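Trainee: Pasting a structure here, questions to come.
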Amino acid sequence: MNPLLRFLVLALVLPAAACSTLSAQQRDRAIAIAAAARAPAVDCGQPDRCAEPSPLRALAGEAFAASAAAPDGAPHHYALLLDEGGDALLARVNLIRSATRRIDLQTYIFDTDDSARLVLDELLAAARRGVRVRLLIDQLSAIADLRILAALSGAHQNLELRIYNPTFNLAKPNYLHYAASVVCCFRRFNQRMHNKLLVVDEAVGIAGGRNYQDDYYDWDAQFNFRDRDVLVAGPEVRTMERNFAAYWDDRRSVPVERLNDVARRLLADGVPAMPPARPAHPRRLEALSQAASDPETVRTQLVARAMPVAAVEYLADLPDKHHGDSALEDGVGAAGLAGLLAGAQQEVLLQTPYLVLSDHALDIFRGLRGREVPPQVRVSTNSLAATDNPIVYALTYKYKRRHVRELGFDLFEYKPFPADPPVDPALGGWRPGQAPADAPDPDVARSELPGGSLGGSRGSAGEDQVAAKLRTETRPSLLRTSAPANRPLPVTGAGPRMGLHAKSMVIDRRIAVVGTHNFDPRSETYNTEAAVVIDDPAFARALAASIEGDIAPGNSWAVAPRAKPPVLSGLNYSVGKVLERSPILDLWPWRYATNYEFQPGPECPRPLPRRDPEFHRCYAPVGDFPEVSLGPKSILTRMLTAFGAGLVPIL
């Protein structure tokens, strides 16, 4: 940055930040105010803390018993893919209610909308019945309501809240603080805790891509994430717990009452009462809450799909990654995933929302491609119409030739209105493309599903019946609250849409990976990340089937070389390759590859791989940016700008 501009930004912000800093005496007084307000009484005197019986929680008992009885001492586990947002929220609420000793929750985003407030209220209820609750949130997307944060700081002796890596020791910095952080301490500001983890009683854990916000549970009427978690029950959950403890005890994790803005609130007004919940859709919330306490619903909706697996490993970065300890950086997290990927023999099935490969990842894929018999690599990622981050997609688009030709990827871009998304209307989810006039009526949805129960498979019956029973979602959502330069673009379709957020991998139909790692330079360099690795053919096949459902023709466009380049083939390829390396602009309009839509018919009864000689007869080109509602000038301005190489690691 220009030195003069750097000076001006710091001159504007640092004095204000200094003025907001508290003295040691003020901070101690705020801490004392919060501590004195914490209620010591518990609502339950029973040894199990009045935990609700849960067949989902009982899986842990079976796993530990099988592990203890195994003659070879091999650990036994249960694992459950959580593909649908409704199932993911149902599992979380049910497990929190089943806790008898401790709940640890770690996340990157925690909102105050319906789903997040439901989880927060459940955590408070668990603390009040005697369960120790620890909540750790990255500061960049932590709860933005200072009244709620101040209330939580003094809510109960059993509940603790810490904020990870707070900018200027604030819970809620403004844009000037962010600007000053980028200017004065760029690397530290970008060191984010991207891990998402819920651990109950060191017995059951949930890890994966979902944060705590309606968008991750199919509850937003404009934009929802197609995401994935995995629930694990058994001995490896203790590793999850130890990893959480490392972050909890790290010096970057600051008790919320020690942050300047929260402390000032405490000094001025004491510990406020928790603001009452005002759900946008109370009936939907009540239906989910009732389902979470119904053992039969939990059994049929979740437990019935859990799979016994043996080899489970939790690969996670440690907070030391942010302290520059390279010895620790190299043994976990991204390095562990790289080793798995490099060991692939026949096939790699990769799903990532952002396809921006680091130099290290490029080396791995080039090594795979250079083998005498290279493994097939299929990649599921976002289209421009589906992504929540068009700036990052620009780099995916820029290197499409490299991905398809040099690395040999079979690439599929997710549609904003997939025909068969994993969404359960019976649990309140919006299906993409539904008219946004009404919200789902959970009672009607439940009654119209087979057997009158909460069904939940992709394409289940009853979804068409509830499509007309939506009501307006008024909560400010991702589309309206994010920065204009970095939010989903307008599309030609109507109704709620989806964007891919799942981060998963299947190697040789044997090793399954579900986690938070976006397979991009930011995940490798700046964020801390985590993943569950399961070495089990049956579970790997289940995950592969889920990803293959996402790349089916109704849900994704296939990316393939153009049949007939609009200019001389050699010239087109050479110019595109040269401009691909340009650090500033990449305006060449005729790309090597584009998107295709499958055209089924008597002569094309099934989808074909892009290398099939009949591919271009069965697939119609739909352009580089299908379903994006932008004029040519806007596309060139916003999408074809080649960002400097220096931006790649932070995107």
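Ligands are numbered from 1 in the order shown, residues from 1 within each chain, and chains are lettered A, B, ... in the order they appear in the structure tokens.
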Hey, what's within 7 Å of stretch 143-157 of chain A if we count only C-alpha atoms and toss same-chain stuff fewer than 2 positions away? As a list in words, please?
Mentor: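 So the residues in contact are Ala34, Ala35, Ala37, Arg38, Ala39, Pro40, Phe110, Asp111, Thr112, Ala127, Arg128, Ser141, Leu159, Leu161, Lys172, Val256, Glu257, Val262, Arg265, Leu266, Val271, Pro272, Ala273, Met274 and Pro275 of chain A.
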Trainee: Now that the selection is made, can you save its residues with N, CA and C atoms as an mmCIF file, in the first residue's frame?
Mentor:
```cif
data_model
loop_
_atom_site.group_PDB
_atom_site.id
_atom_site.type_symbol
_atom_site.label_atom_id
_atom_site.label_comp_id
_atom_site.auth_asym_id
_atom_site.auth_seq_id
_atom_site.Cartn_x
_atom_site.Cartn_y
_atom_site.Cartn_z
ATOM 1 N N ALA A 34 -19.361 -9.300 35.405
ATOM 2 C CA ALA A 34 -19.873 -10.486 34.720
ATOM 3 C C ALA A 34 -19.851 -11.698 35.636
ATOM 4 N N ALA A 35 -18.756 -11.865 36.392
ATOM 5 C CA ALA A 35 -18.644 -13.028 37.270
ATOM 6 C C ALA A 35 -19.692 -13.009 38.374
ATOM 7 N N ALA A 37 -22.617 -11.757 38.275
ATOM 8 C CA ALA A 37 -23.978 -11.940 37.768
ATOM 9 C C ALA A 37 -24.282 -13.381 37.391
ATOM 10 N N ARG A 38 -23.272 -14.222 37.267
ATOM 11 C CA ARG A 38 -23.491 -15.584 36.788
ATOM 12 C C ARG A 38 -24.221 -16.414 37.832
ATOM 13 N N ALA A 39 -25.375 -16.886 37.451
ATOM 14 C CA ALA A 39 -26.190 -17.675 38.373
ATOM 15 C C ALA A 39 -25.513 -19.000 38.666
ATOM 16 N N PRO A 40 -25.407 -19.370 39.948
ATOM 17 C CA PRO A 40 -24.792 -20.657 40.277
ATOM 18 C C PRO A 40 -25.795 -21.801 40.332
ATOM 19 N N PHE A 110 -21.417 -17.249 13.872
ATOM 20 C CA PHE A 110 -22.562 -17.458 14.748
ATOM 21 C C PHE A 110 -23.453 -16.239 14.622
ATOM 22 N N ASP A 111 -24.633 -16.432 14.027
ATOM 23 C CA ASP A 111 -25.563 -15.347 13.763
ATOM 24 C C ASP A 111 -26.563 -15.240 14.915
ATOM 25 N N THR A 112 -27.581 -14.418 14.718
ATOM 26 C CA THR A 112 -28.652 -14.290 15.712
ATOM 27 C C THR A 112 -30.008 -14.593 15.090
ATOM 28 N N ALA A 127 -26.709 -25.343 30.159
ATOM 29 C CA ALA A 127 -25.912 -24.791 31.260
ATOM 30 C C ALA A 127 -26.740 -24.698 32.535
ATOM 31 N N ARG A 128 -27.996 -24.304 32.399
ATOM 32 C CA ARG A 128 -28.841 -24.125 33.581
ATOM 33 C C ARG A 128 -29.240 -25.444 34.229
ATOM 34 N N SER A 141 -16.745 -13.217 12.364
ATOM 35 C CA SER A 141 -18.179 -13.427 12.118
ATOM 36 C C SER A 141 -18.901 -13.859 13.387
ATOM 37 N N LEU A 159 -21.614 -21.549 31.723
ATOM 38 C CA LEU A 159 -21.463 -21.151 30.328
ATOM 39 C C LEU A 159 -20.326 -20.149 30.191
ATOM 40 N N LEU A 161 -17.986 -18.037 27.127
ATOM 41 C CA LEU A 161 -17.887 -17.626 25.722
ATOM 42 C C LEU A 161 -16.554 -16.941 25.501
ATOM 43 N N LYS A 172 -16.927 -6.322 18.205
ATOM 44 C CA LYS A 172 -17.645 -5.814 17.040
ATOM 45 C C LYS A 172 -16.889 -4.633 16.430
ATOM 46 N N VAL A 256 -15.181 -13.147 26.505
ATOM 47 C CA VAL A 256 -15.920 -12.056 25.884
ATOM 48 C C VAL A 256 -15.986 -10.825 26.781
ATOM 49 N N GLU A 257 -16.007 -11.019 28.106
ATOM 50 C CA GLU A 257 -16.109 -9.872 29.018
ATOM 51 C C GLU A 257 -14.826 -9.054 29.066
ATOM 52 N N VAL A 262 -17.541 -4.909 24.835
ATOM 53 C CA VAL A 262 -18.423 -5.633 25.760
ATOM 54 C C VAL A 262 -18.194 -5.158 27.185
ATOM 55 N N ARG A 265 -19.883 -1.939 27.895
ATOM 56 C CA ARG A 265 -21.320 -2.164 28.082
ATOM 57 C C ARG A 265 -21.595 -2.660 29.504
ATOM 58 N N LEU A 266 -20.749 -3.539 29.997
ATOM 59 C CA LEU A 266 -20.924 -4.048 31.360
ATOM 60 C C LEU A 266 -20.705 -2.947 32.390
ATOM 61 N N VAL A 271 -24.815 -6.469 33.633
ATOM 62 C CA VAL A 271 -25.152 -7.569 32.740
ATOM 63 C C VAL A 271 -26.623 -7.449 32.356
ATOM 64 N N PRO A 272 -26.918 -7.244 31.083
ATOM 65 C CA PRO A 272 -28.320 -7.088 30.680
ATOM 66 C C PRO A 272 -29.025 -8.437 30.612
ATOM 67 N N ALA A 273 -30.335 -8.390 30.580
ATOM 68 C CA ALA A 273 -31.107 -9.603 30.334
ATOM 69 C C ALA A 273 -30.934 -10.026 28.879
ATOM 70 N N MET A 274 -30.999 -11.303 28.652
ATOM 71 C CA MET A 274 -30.920 -11.792 27.278
ATOM 72 C C MET A 274 -32.114 -11.265 26.487
ATOM 73 N N PRO A 275 -31.878 -10.620 25.347
ATOM 74 C CA PRO A 275 -33.011 -10.146 24.540
ATOM 75 C C PRO A 275 -33.928 -11.309 24.182
#
```
Trainee: So which residues touch stretch 135-139 of chain A within 8 Å, counting only C-alpha atoms, skipping near sequence neighbours fewer than 3 positions away, as an MDAnalysis selection string?
Mentor: chainID A and resid 104:110 142 159:167 171:172 192:194 248 253
Trainee: I'd like to know which of A:Gly515, A:Pro626, A:Gly339, A:Gly554 is closest to A:Val491, using only C-alpha atoms.
Mentor: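 Under the stated criterion, the closest residue is A:Pro626.
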Trainee: Where does stretch 528-570 of chain A meet stretch 297-315 of chain A within 10 Å, residue by residue, with the nearest atom pair and distance in Å to one decimal for each, counting only C-alpha atoms, listed by chain and rising number, as a Markdown table?
Mentor:
```
| residue | atom | partner | partner_atom | distance |
| --- | --- | --- | --- | --- |
| A:Glu529 | CA | A:Leu315 | CA | 8.5 |
| A:Ala530 | CA | A:Leu315 | CA | 5.7 |
| A:Ala531 | CA | A:Leu315 | CA | 5.2 |
| A:Val532 | CA | A:Tyr314 | CA | 4.7 |
| A:Val533 | CA | A:Glu313 | CA | 5.1 |
| A:Ile534 | CA | A:Val312 | CA | 4.6 |
| A:Asp535 | CA | A:Ala311 | CA | 5.3 |
| A:Asp536 | CA | A:Val309 | CA | 6.2 |
| A:Pro537 | CA | A:Val309 | CA | 9.2 |
| A:Ala538 | CA | A:Met307 | CA | 8.3 |
| A:Phe539 | CA | A:Met307 | CA | 7.1 |
| A:Ala542 | CA | A:Met307 | CA | 9.7 |
```
Trainee: I need the residue nearest A:Asp201 from this list: A:Ser289, A:Val379, A:Arg509, A:Asp48. Use only C-alpha atoms for the distance.
Mentor: A:Asp48
Trainee: When you count only C-alpha atoms, which of these residues is closest to A:Ile364: A:Ile206, A:Leu231, A:Leu340, A:Val628?
Mentor: A:Leu340
